[in-house]
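Working notes, beginning with the structure itself.
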Amino acid sequence: MSSEVETFCTAPFKTIPRDSSTSPGMRIFAALEVYHHHTPHSAAMNMAIDEALLEYATIPLIRFYRWQSPALSFGYFGRFTDVARYQCERDLVRRWTGGGIVFHGEDLTYSLAIPTSDTAFAELSISIYENVHRALCDALSETGQRAFVVTGADDPGPGSTPVAVRTGISDAGYSCFANPVRADVMIDGRKIAGAAQRRTRRGLLQQGSIQGIELGNSLTEQFAQALSTNCCEQKVDQQILNRARELAEQKYGTESWLRKR
């Protein structure tokens with residue numbers, strides 16, 4: 001590990017023993033910052049923190065978080081009319097990323113930020129999407145759950161039904177967990193994880209949700225370690241929170257953003 005990487009690892013990451021016979025030899029990232037955000041936030045603030053983290057990211061990072069109240073997020077290209085009926089019962093927010101409709105509350109949500117300086121950024125978006133989900137499958141296998149990544153309509157995987165070949169990166173107007181797409185994660189014929197992405201001049205943001213399974217206390221650690229053997233825990237600092245509050249107030253929490261389309 002280089003000294004440059006060490007400067008970011010201000011807190012050691014708890015190591016969980018892994019079975020070397022099932023763990024992949026190569027991880028996606030050389031180093032990874034891990035944020036466990038235990039304080040629940042509003043939907044607007046959660047989206048704002050994700051964007052702020054991408055702005056400040058210098059190495060890849062993953063943030064795990066929860067929701068202050070039952071929420072619904074829908075993709076950047078989605079129509080407000082498709083979700084308006086839920087406004088009385090859920091905290092609605094339009095994501096900066098693409099994808100369809102996702103119900104939040106009992107799920108484990110994560111955001112992955114990859115700065116342009118990292119070699120992984122050069123990969124195709126669908127390759128990143130699939131590789132991250134393969135890492136999640138590795139993590140789930142450590143907890144005894146047999147998960148697989150959807151590869152397409154002609155090869156939906158064991159115990160599943162055929163699914164659409166489209167990706168979950170930019171499609172809108174559908175319920176994400178009712179409609180598995182290419183590179184999503186399935187268990188026993190059910191979609192349990194999906195994600196959406198956005199590329200900018202600063203990097204790539206992937207926002208994902210894991211739901212409908214026993215999450216367990218160690219899944220976040222297993223997932224992070226499946227992405228990188230060099231993980232370090234971090235806390236969201238005040239500078240990022242201040243920027244996030246600004247984004248929540250001026251963008252994600254506004255009616256103009258919510259009803260953009």
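Each chain in the structure tokens gets a letter, A, B and so on, in the order shown; residues start at 1 in every chain, and ligands are counted from 1 in the order they appear.
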
Handout entry: region 215-217 of chain A environment, 10 Å, only C-alpha atoms, sequence neighbours closer than 5 positions dropped, as a list in words
Key =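 Skipping anything fewer than 5 positions along the chain leaves Glu106, Asp107, Leu108, Leu140, Thr143, Ile210 and Gln222 of chain A.
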
Per-residue nearest contacts region 110-148 of chain A to region 224-232 of chain A, cut-off 12 Å, using only C-alpha atoms, as CSV:
```
residue,atom,partner,partner_atom,distance
A:Tyr110,CA,A:Ala224,CA,10.7
A:Ser111,CA,A:Ala224,CA,11.7
A:Leu112,CA,A:Ala224,CA,10.4
A:Ala120,CA,A:Leu227,CA,11.4
A:Ile128,CA,A:Leu227,CA,11.0
A:Asn131,CA,A:Leu227,CA,8.8
A:Val132,CA,A:Leu227,CA,7.0
A:His133,CA,A:Leu227,CA,9.7
A:Arg134,CA,A:Ala226,CA,8.8
A:Ala135,CA,A:Ala226,CA,5.1
A:Leu136,CA,A:Ala226,CA,7.1
A:Cys137,CA,A:Ala226,CA,9.0
A:Asp138,CA,A:Ala226,CA,6.6
A:Ala139,CA,A:Ala226,CA,6.3
A:Leu140,CA,A:Ala226,CA,10.0
A:Ser141,CA,A:Ala226,CA,10.8
A:Glu142,CA,A:Ala226,CA,10.1
```

Exercise for the section: Name the closest residue to Leu72 (chain A) among the candidates A:Gly105, A:Pro40, A:Gly99, A:Gly144; distances are taken between atoms, counting only C-alpha atoms. Expected result: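 Of A:Gly105, A:Pro40, A:Gly99, A:Gly144, the one nearest Leu72 (chain A) is A:Gly105, counting only C-alpha atoms.
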
Practice task
Using only C-alpha atoms, pick whichever of A:Leu61, A:Ile192, A:Ile101, A:Met45 has the shortest atom-to-atom distance to Arg79 (chain A).
Solution key: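 Ranking A:Leu61, A:Ile192, A:Ile101, A:Met45 by distance to Arg79 (chain A), first place goes to A:Ile101.
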
Practice task
Considering only C-alpha atoms, return as a ChimeraX atom specification whatever protein or nucleic-acid residues lie within 12 Å of region 82-94 of chain A, sequence-local ones (same chain, fewer than 3 positions apart) excluded.
Solution key: /A:41-48,67-79,97-105,172-175,248,251-261

Handout entry: d(CA of Pro180 (chain A), CA of Gln207 (chain A)) in Å
Key =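 These atoms are spaced 16.0 Å apart.
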